[in-house]
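Okay, model_29.txt now, which holds compact mmCIF, C-alpha atoms:
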# COMPACT_ATOMS: atom_id res chain seq x y z
CA MET A 1 25.44 20.92 1.12
CA ILE A 2 24.29 18.57 3.87
CA ARG A 3 26.14 15.66 2.27
CA ARG A 4 29.42 17.60 2.25
CA ALA A 5 28.96 18.20 5.97
CA PHE A 6 28.37 14.48 6.47
CA LEU A 7 31.49 13.52 4.55
CA ARG A 8 33.63 15.98 6.47
CA MET A 9 32.29 14.64 9.75
CA LEU A 10 32.91 11.06 8.66
CA THR A 11 36.51 11.92 7.72
CA VAL A 12 37.18 13.61 11.05
CA SER A 13 35.53 10.90 13.13
CA GLY A 14 37.36 8.15 11.23
CA ALA A 15 40.68 9.83 11.88
CA LEU A 16 39.99 10.28 15.57
CA THR A 17 38.88 6.69 16.12
CA ALA A 18 42.00 5.42 14.36
CA LEU A 19 44.36 7.39 16.59
CA PRO A 20 45.64 6.20 19.97
CA ALA A 21 43.71 7.80 22.83
CA ALA A 22 46.56 10.10 23.87
CA GLU A 23 46.98 11.52 20.37
CA ALA A 24 43.25 11.98 19.90
CA GLU A 25 43.06 13.89 23.19
CA ALA A 26 45.91 16.15 22.12
CA LEU A 27 44.06 16.98 18.90
CA THR A 28 40.77 17.57 20.65
CA GLU A 29 41.81 19.86 23.48
CA GLY A 30 39.78 22.98 24.04
CA VAL A 31 36.08 22.14 24.01
CA ARG A 32 34.08 22.04 27.23
CA SER A 33 33.15 18.56 28.44
CA GLY A 34 29.41 19.24 28.23
CA VAL A 35 29.34 19.31 24.42
CA PRO A 36 28.48 15.61 23.85
CA ALA A 37 25.59 15.78 26.31
CA ASP A 38 24.41 19.04 24.72
CA CYS A 39 24.44 17.42 21.28
CA ALA A 40 22.52 14.40 22.52
CA ARG A 41 19.88 16.62 24.12
CA MET A 42 19.55 18.70 20.96
CA ASN A 43 19.17 15.57 18.83
CA SER A 44 16.45 14.29 21.13
CA HIS A 45 14.64 17.62 20.81
CA LEU A 46 14.94 17.54 17.01
CA TRP A 47 13.39 14.07 16.84
CA GLN A 48 10.44 15.35 18.84
CA VAL A 49 10.06 18.34 16.53
CA TYR A 50 10.28 16.04 13.51
CA GLN A 51 7.58 13.75 14.84
CA LEU A 52 5.24 16.65 15.64
CA SER A 53 5.84 18.54 12.39
CA ARG A 54 3.14 18.21 9.78
CA CYS A 55 5.69 19.20 7.14
CA LYS A 56 8.80 17.10 7.84
CA GLY A 57 11.00 19.18 5.55
CA ALA A 58 10.67 22.14 7.92
CA VAL A 59 13.18 20.41 10.23
CA TYR A 60 15.92 20.39 7.58
CA PRO A 61 17.52 23.81 8.31
CA VAL A 62 17.86 23.00 12.01
CA VAL A 63 19.36 19.58 11.25
CA ARG A 64 21.87 21.30 8.97
CA ASP A 65 22.84 23.72 11.74
CA GLN A 66 23.21 20.88 14.22
CA LEU A 67 25.46 19.08 11.76
CA ALA A 68 27.70 22.13 11.66
CA THR A 69 27.85 22.15 15.46
CA LEU A 70 28.79 18.46 15.52
CA ASN A 71 31.46 19.04 12.86
CA GLU A 72 33.09 21.69 15.02
CA ALA A 73 32.83 19.58 18.15
CA LEU A 74 34.36 16.52 16.51
CA ALA A 75 37.28 18.55 15.23
CA VAL A 76 38.29 19.86 18.65
CA HIS A 77 36.65 17.65 21.28
CA ARG A 78 38.67 16.63 24.35
CA GLY A 79 38.58 13.07 25.65
CA SER A 80 36.67 10.06 24.35
CA VAL A 81 35.15 10.68 20.95
CA GLU A 82 32.53 7.92 21.26
CA PRO A 83 29.75 10.10 22.78
CA LEU A 84 30.02 12.47 19.83
CA LEU A 85 30.01 9.56 17.40
CA HIS A 86 26.78 8.35 19.03
CA ALA A 87 25.31 11.82 18.53
CA ALA A 88 26.50 11.91 14.91
CA ALA A 89 25.06 8.49 14.06
CA ASP A 90 21.80 9.60 15.64
CA LEU A 91 21.67 12.87 13.69
CA PHE A 92 22.56 11.20 10.38
CA GLN A 93 19.51 8.98 10.79
CA LEU A 94 17.26 11.97 11.37
CA ALA A 95 18.67 13.73 8.31
CA GLY A 96 17.99 10.56 6.34
CA GLU A 97 14.39 10.51 7.56
CA VAL A 98 13.87 14.08 6.35
CA ALA A 99 15.35 13.22 2.94
CA PHE A 100 13.38 9.97 2.69
CA ASP A 101 10.07 11.68 3.40
CA ALA A 102 10.84 14.17 0.62
CA GLY A 103 11.61 11.33 -1.81
CA ARG A 104 15.31 12.20 -2.06
CA TYR A 105 16.35 8.56 -1.94
CA SER A 106 20.01 9.02 -2.86
CA ASP A 107 20.42 11.58 -0.08
CA ALA A 108 18.58 9.33 2.35
CA ALA A 109 20.75 6.34 1.42
CA ALA A 110 23.90 8.42 1.85
CA SER A 111 22.73 9.60 5.26
CA TYR A 112 21.92 6.09 6.45
CA ALA A 113 25.21 4.72 5.12
CA LEU A 114 27.09 7.40 7.05
CA ALA A 115 25.02 6.69 10.16
CA ALA A 116 25.95 3.01 9.88
CA SER A 117 29.63 3.83 9.40
CA VAL A 118 29.78 6.12 12.42
CA GLY A 119 27.70 3.66 14.48
CA ARG A 120 30.28 1.02 13.64
CA ASP A 121 33.13 3.31 14.71
CA ALA A 122 31.30 3.95 17.99
CA ARG A 123 30.68 0.20 18.45
CA ALA A 124 27.01 1.10 18.98
CA TYR A 125 25.28 -2.02 17.68
CA ASP A 126 21.71 -0.79 18.11
CA LEU A 127 22.39 2.51 16.37
CA TRP A 128 24.23 0.65 13.62
CA ALA A 129 21.37 -1.84 13.17
CA CYS A 130 18.73 0.93 13.04
CA ALA A 131 20.70 2.72 10.32
CA LEU A 132 20.60 -0.47 8.25
CA VAL A 133 16.86 -0.85 8.82
CA ARG A 134 16.30 2.67 7.53
CA HIS A 135 18.56 1.96 4.56
CA ALA A 136 16.41 -1.10 3.79
CA TYR A 137 13.40 1.21 3.46
CA VAL A 138 15.17 2.96 0.58
CA ASP A 139 15.63 -0.39 -1.19
CA MET A 140 11.99 -1.27 -0.57
CA SER A 141 10.77 2.05 -1.94
CA GLU A 142 12.70 1.34 -5.13
CA HIS A 143 11.35 -2.24 -5.29
CA ARG A 144 14.67 -3.90 -4.51
CA HIS A 145 13.12 -6.33 -2.07
CA HIS A 146 15.84 -8.99 -2.16
CA GLN A 147 18.49 -6.35 -1.42
CA ALA A 148 16.33 -5.05 1.43
CA ALA A 149 16.08 -8.58 2.83
CA GLN A 150 19.89 -8.87 2.79
CA MET A 151 20.26 -5.53 4.56
CA LEU A 152 17.77 -6.62 7.22
CA ARG A 153 19.56 -9.92 7.82
CA ALA A 154 22.70 -7.89 8.58
CA ALA A 155 20.66 -5.62 10.87
CA GLU A 156 19.24 -8.69 12.63
CA ARG A 157 22.74 -9.98 13.41
CA LEU A 158 23.85 -6.60 14.72
CA ALA A 159 20.72 -6.20 16.85
CA ALA A 160 21.43 -9.59 18.43
CA ARG A 161 24.72 -8.11 19.71
CA GLY A 162 23.04 -4.97 21.04
CA ASP A 163 21.09 -4.16 24.18
CA GLN A 164 18.33 -6.75 24.48
CA SER A 165 16.27 -4.46 26.68
CA LEU A 166 15.80 -2.23 23.62
CA SER A 167 13.28 -2.97 20.86
CA THR A 168 15.83 -3.05 18.03
CA CYS A 169 15.35 -6.77 17.30
CA GLN A 170 11.57 -6.32 17.21
CA TRP A 171 11.80 -3.36 14.83
CA VAL A 172 14.02 -5.36 12.49
CA ALA A 173 11.42 -8.14 12.53
CA SER A 174 8.61 -5.70 11.78
CA VAL A 175 10.37 -4.41 8.68
CA GLN A 176 11.31 -7.94 7.63
CA ALA A 177 7.59 -8.73 7.70
CA GLU A 178 7.02 -5.94 5.18
CA VAL A 179 9.70 -7.32 2.85
CA TYR A 180 8.31 -10.86 3.10
CA ALA A 181 4.84 -9.51 2.29
CA ASP A 182 6.24 -7.77 -0.79
CA LEU A 183 7.83 -11.09 -1.79
CA GLY A 184 4.51 -12.90 -1.26
CA ASP A 185 5.78 -15.16 1.53
CA LEU A 186 2.85 -15.33 3.98
CA ASP A 187 4.43 -17.80 6.41
CA ALA A 188 7.69 -15.85 6.74
CA CYS A 189 5.71 -12.61 7.06
CA GLU A 190 3.57 -13.93 9.91
CA ARG A 191 6.59 -15.37 11.73
CA ALA A 192 8.30 -11.98 11.49
CA MET A 193 5.16 -10.18 12.71
CA ASP A 194 4.98 -12.56 15.67
CA ARG A 195 8.60 -11.73 16.55
CA ALA A 196 7.83 -8.03 16.24
CA GLU A 197 4.94 -8.36 18.68
CA THR A 198 7.29 -9.51 21.44
CA VAL A 199 7.98 -5.77 21.84
CA LEU A 200 4.91 -5.79 24.07
CA ASP A 201 6.88 -7.89 26.57
CA LEU A 202 9.53 -5.19 26.94
CA GLY A 203 9.41 -2.34 29.42
CA ALA A 204 8.83 1.35 28.84
CA ASN A 205 12.57 1.94 28.45
CA SER A 206 12.80 -0.18 25.28
CA VAL A 207 12.65 2.97 23.12
CA ASN A 208 14.31 6.37 23.25
CA GLY A 209 11.82 8.46 21.27
CA GLY A 210 14.46 9.29 18.65
CA TRP A 211 16.33 6.88 16.44
CA LEU A 212 14.48 3.96 18.08
CA ARG A 213 10.73 4.44 18.46
CA PHE A 214 9.31 0.96 17.84
CA ASP A 215 7.11 0.45 20.89
CA GLY A 216 4.29 -1.66 19.44
CA ALA A 217 1.90 1.27 19.01
CA ARG A 218 1.82 0.69 15.25
CA LEU A 219 1.42 -3.08 15.30
CA ALA A 220 -2.23 -3.02 14.17
CA GLU A 221 -1.65 -0.72 11.21
CA GLU A 222 1.50 -2.57 10.20
CA ARG A 223 -0.19 -5.97 10.37
CA GLY A 224 -3.10 -4.57 8.36
CA SER A 225 -0.77 -3.18 5.71
CA ARG A 226 1.06 -6.51 5.44
CA TYR A 227 -2.25 -8.33 4.89
CA VAL A 228 -3.17 -5.84 2.15
CA GLN A 229 0.11 -6.64 0.41
CA LEU A 230 -0.65 -10.36 0.70
CA GLY A 231 -4.26 -10.03 -0.48
CA ARG A 232 -5.78 -11.17 2.84
CA LEU A 233 -8.41 -8.44 2.72
CA ASP A 234 -10.71 -9.43 5.61
CA LEU A 235 -7.77 -9.73 7.99
CA ALA A 236 -6.36 -6.47 6.67
CA GLU A 237 -9.58 -4.52 7.12
CA THR A 238 -10.06 -5.73 10.69
CA ALA A 239 -6.53 -4.70 11.65
CA LEU A 240 -6.74 -1.30 9.91
CA GLU A 241 -10.12 -0.46 11.42
CA GLN A 242 -8.66 -1.27 14.84
CA ALA A 243 -5.70 1.01 14.07
CA LEU A 244 -7.99 3.94 13.20
CA THR A 245 -9.60 3.76 16.64
CA GLN A 246 -6.30 4.71 18.31
CA THR A 247 -5.92 8.23 19.63
CA ALA A 248 -2.66 8.68 17.72
CA LEU A 249 -4.50 8.15 14.43
CA ALA A 250 -7.55 10.29 15.22
CA PRO A 251 -8.29 13.20 12.85
CA GLY A 252 -5.88 16.06 13.48
CA GLN A 253 -3.14 13.85 14.91
CA SER A 254 -0.43 12.15 12.84
CA TYR A 255 -1.26 13.12 9.25
CA ARG A 256 1.25 10.71 7.72
CA ARG A 257 0.21 7.67 9.76
CA ARG A 258 -3.51 8.26 9.34
CA GLY A 259 -3.02 8.95 5.63
CA ALA A 260 -1.09 5.70 5.17
CA VAL A 261 -3.83 3.66 6.88
CA LEU A 262 -6.53 5.34 4.78
CA THR A 263 -4.51 4.61 1.63
CA ASP A 264 -4.44 0.94 2.62
CA MET A 265 -8.20 1.04 3.21
CA ALA A 266 -8.66 2.57 -0.25
CA ALA A 267 -6.47 -0.21 -1.70
CA ILE A 268 -8.79 -2.78 -0.11
CA GLY A 269 -11.69 -1.02 -1.85
CA ALA A 270 -9.82 -1.21 -5.15
CA LYS A 271 -9.16 -4.92 -4.77
CA ARG A 272 -12.85 -5.46 -3.97
CA ARG A 273 -13.93 -3.21 -6.86
CA ASP A 274 -15.73 -0.90 -4.44
CA PRO A 275 -15.53 2.68 -5.79
CA GLU A 276 -17.26 4.17 -2.73
CA GLN A 277 -14.55 2.87 -0.39
CA ILE A 278 -11.79 3.97 -2.74
CA VAL A 279 -13.12 7.51 -2.96
CA ALA A 280 -14.09 7.94 0.70
CA CYS A 281 -10.72 6.79 2.03
CA GLY A 282 -8.64 8.10 -0.86
CA LYS A 283 -9.95 11.66 -0.72
CA GLU A 284 -9.17 12.01 2.98
CA ALA A 285 -5.70 10.58 2.39
CA VAL A 286 -5.15 13.13 -0.41
CA SER A 287 -6.20 15.95 1.94
CA LEU A 288 -3.72 14.74 4.54
CA ALA A 289 -0.96 14.49 1.93
CA ARG A 290 -1.62 18.10 0.89
CA ALA A 291 -1.71 19.36 4.47
CA SER A 292 1.51 17.61 5.43
CA ASP A 293 3.34 18.07 2.12
CA SER A 294 4.51 14.49 2.65
CA GLY A 295 6.30 12.95 -0.30
CA TYR A 296 5.88 9.57 1.39
CA LEU A 297 2.08 9.84 1.39
CA ALA A 298 2.05 11.17 -2.17
CA ARG A 299 4.05 8.15 -3.34
CA ARG A 300 1.76 5.76 -1.47
CA LEU A 301 -1.22 7.35 -3.20
CA ARG A 302 0.47 7.12 -6.60
CA GLY A 303 0.81 3.40 -5.94
CA LEU A 304 -2.90 3.25 -5.12
CA CYS A 305 -3.71 4.46 -8.64
CA ASP A 306 -2.09 1.30 -10.01
CA GLU A 307 -4.80 -0.69 -8.23
CA PHE A 308 -7.76 1.07 -9.88
CA GLY A 309 -7.92 -1.10 -12.99
CA PRO A 310 -11.29 -0.88 -14.80
CA LEU A 311 -12.62 1.32 -11.98
CA SER A 312 -10.53 4.19 -13.35
CA ARG A 313 -13.39 4.73 -15.83
CA ASP A 314 -15.72 5.59 -12.93
CA HIS A 315 -15.89 9.40 -12.89
CA ARG A 316 -15.48 9.55 -9.08
CA VAL A 317 -12.38 7.35 -9.16
CA ALA A 318 -11.04 9.26 -12.17
CA GLU A 319 -11.44 12.51 -10.25
CA LEU A 320 -9.55 11.04 -7.30
CA GLY A 321 -6.82 9.90 -9.68
CA ALA A 322 -6.49 13.44 -11.02
CA GLU A 323 -6.18 14.83 -7.49
CA ILE A 324 -3.47 12.28 -6.71
CA ALA A 325 -1.62 13.12 -9.94
CA ALA A 326 -1.62 16.79 -8.90
CA LEU A 327 0.21 16.02 -5.65
CA SER A 328 3.83 17.08 -5.77
CA THR A 329 6.34 14.25 -5.58
CA PRO A 330 10.09 14.65 -6.02

Spell out the structure here as structure tokens.
Amino acid sequence: MIRRAFLRMLTVSGALTALPAAEAEALTEGVRSGVPADCARMNSHLWQVYQLSRCKGAVYPVVRDQLATLNEALAVHRGSVEPLLHAAADLFQLAGEVAFDAGRYSDAAASYALAASVGRDARAYDLWACALVRHAYVDMSEHRHHQAAQMLRAAERLAARGDQSLSTCQWVASVQAEVYADLGDLDACERAMDRAETVLDLGANSVNGGWLRFDGARLAEERGSRYVQLGRLDLAETALEQALTQTALAPGQSYRRRGAVLTDMAAIGAKRRDPEQIVACGKEAVSLARASDSGYLARRLRGLCDEFGPLSRDHRVAELGAEIAALSTP
């Protein structure tokens, strides 16, 4: 249902951007001029709700309704269509985030592809680049790391044409670091992480709280996770322990972020053959996955089970594995 709405919107927006301005205005007469600003404000509100929601899927019905509103506005909007295209590219990315968290990768990929297409039509290079970054996450989740690297190189080129006061380039670099870690390239990973950390040199206006949120607050947990992937366990543990001291990752705050860090800490325990660390960190991560109903966390924990090896015969680790297996994943 949501994909049909996307495709209709893409068809309408493509037609309007192809028409001369005078013809487009004739087709779009009748809607009050405040609609694009209203849509942008609503999108901003929805991103805030999404970030605060423990269960990300709860946002889906409202996103669907907002899509319907944008469809109607695009069909009859007066004047320049670009503000509505910005709003559409923004909303497509949020819809993709909801689908991605639920493990609906084909829906997420379709959403991100549509966001990129509309971002291109709007000539919004930062929006376009961010849609490609999110699409790369789908490739990474399905272990297509070389394809993800190609997608991110395209995003890097687009970000270079965007607003350099925004943190788009730094976010691209952060995700490139994750791909390089998956490919086992330590040097390339560290160079990308160093580029990502230049976000700290930007001002407070480098993010918008919606489709672009990379402000450096997650640098410690991301660096720690990259070191886990690369097997640099001491470096990883130091970075992850630092991340857990942040207010945003305190108990009761972001369930998904805290759960991901604890999963990485459990993975360190598995690599060190330390069942106590596996169980202590893993059980809390499982509780957070249950409370948030996050498919993302459930998949991360399923990956943790692959690290257990001979420790899976330990009754405590086996019990944790059974709890992880009981988590619902799409």

Take the point (-2.5, 13.1, 4.6) in the file's coordinates, draw a sphere of radius 10 Å around it, and report as an NGL selection string every protein, DNA or RNA residue with an atom inside or on it, counting all atoms listed in the file.
:A and (54 or 252 or 254-263 or 282-294 or 296-298 or 301)

Near Ala159 of chain A, counting only C-alpha atoms, which residues have an atom at most 7 Å away, once you skip same-chain residues fewer than 3 positions from it, shown as a ChimeraX atom specification?
/A:125-126,129,155-156,162,168-169

Which of these residues is nearest to Tyr112 of chain A, using all atoms listed in the file: A:Ala124, A:Gln93, A:Gly231, A:Arg195?
A:Gln93

Applying 12 Å and only C-alpha atoms, which residues near Glu276 of chain A remain after dropping the ones on its own chain fewer than 3 positions away? List them as a ChimeraX atom specification.
/A:265-270,272-273,279-283,311,314-317,320

Using all atoms listed in the file for the distances, tell me which of A:Val179, A:Leu186, A:Val49, A:Ala173 is nearest to Gly216 of chain A.
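The answer is A:Ala173, which sits nearest to Gly216 of chain A.
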
What is the distance between atom CA of Ala136 of chain A and atom CA of Ala148 of chain A, in Å to one decimal?
4.6 Å

Give me the residues within 6 Å of segment 199-208 of chain A as number ranges by chain, counting all atoms listed in the file and dropping any in the same chain fewer than 5 places off.
A: 165-167, 170, 213

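Considering the residues A:Arg144, A:Ala131, A:Ile278, A:His86 and counting all atoms listed in the file, Ala113 of chain A has its shortest atom-to-atom contact with A:Ala131.
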